[in-house]
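What follows is a set of notes on a single structure, which appears directly below.
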Amino acid sequence: MSEAACRIDVWLWRARFAKTRTLAAAMVERGVVRLTHQGRQARVDKASRCVRVGDGLVFALGGRIIDLTVTAMGERRGPPAEARALYVLVEGD
């Protein structure tokens with residue numbers, strides 16, 4: 001895996017949307033995560049799929065719909081401020 005891409009379960013864990021990688025992988029495998037890459041949106045069903053800077057993610061979490069754009073991969077699961085630097089939330093209509 002290059003620095004320009006990261007497994008989606010690892011990225012969700014680093015960005016603190018899941019408490020563990022196992023929970024992140026389960027969330028992806030349930031089919032609740034949609035990935036937009038190069039203008040095409042698809043449901044992601046494998047935790048090994050890659051996410052890249054500029055990709056969009058949409059998923060439900062805690063009764064809310066999260067719509068975001070990936071801005072960085074991150075090197076570790078750091079504090080919340082570091083995790084928030086990995087994405088930008090998309091404003092809804």
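Just so we're on the same page: first chain in the structure tokens is A, next is B, and so on; residues restart at 1 for each chain, and ligands are numbered from 1 in the order they show up.
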DSSP helix (DSSP H, G or I) residues within chain A, listed as a list in words: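 DSSP-assigned helix (DSSP H, G or I) residues in chain A: Ile8, Asp9, Val10, Trp11, Leu12, Trp13, Arg14, Arg21, Thr22, Leu23, Ala24, Ala25, Ala26, Met27, Val28, Glu29, Pro80, Ala81, Glu82, Ala83 and Arg84 of chain A.
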For A:Cys50: contacts at 6 Å, only C-alpha atoms, fewer than 4 positions along chain excluded, given as a count of residues only: 4
Polymer residues at most 7 Å from A:Phe59, only C-alpha atoms, same-chain spacing of 3 or more positions, as a list in words: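 Close residues of A:Phe59: Val32, Val33, Arg34, Ile65, Ile66 and Asp67 of chain A.
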Using C-alpha atoms, can you export the residues from the last selection as a compact mmCIF listing (two decimals), in the first residue's frame?
```txt
# COMPACT_ATOMS: atom_id res chain seq x y z
CA VAL A 32 -23.02 0.90 5.04
CA VAL A 33 -20.04 2.78 3.55
CA ARG A 34 -20.24 4.39 0.12
CA ILE A 65 -25.38 10.47 7.98
CA ILE A 66 -21.70 11.40 7.69
CA ASP A 67 -20.62 12.87 4.33
```
Residue neighbourhood A:Arg30, 8 Å, only C-alpha atoms, exclusion window fewer than 3 positions, as a PyMOL selection string: chain A and resi 26-27+45
Strand (DSSP E or B) per DSSP on the backbone: members of stretch 50-91 of chain A, as a list in words: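 Restricting stretch 50-91 of chain A to strand (DSSP E or B) produces Cys50, Val51, Arg52, Gly56, Leu57, Val58, Phe59, Ala60, Leu61, Arg64, Ile65, Ile66, Asp67, Leu68, Thr69, Val70, Tyr87, Val88 and Leu89 of chain A.
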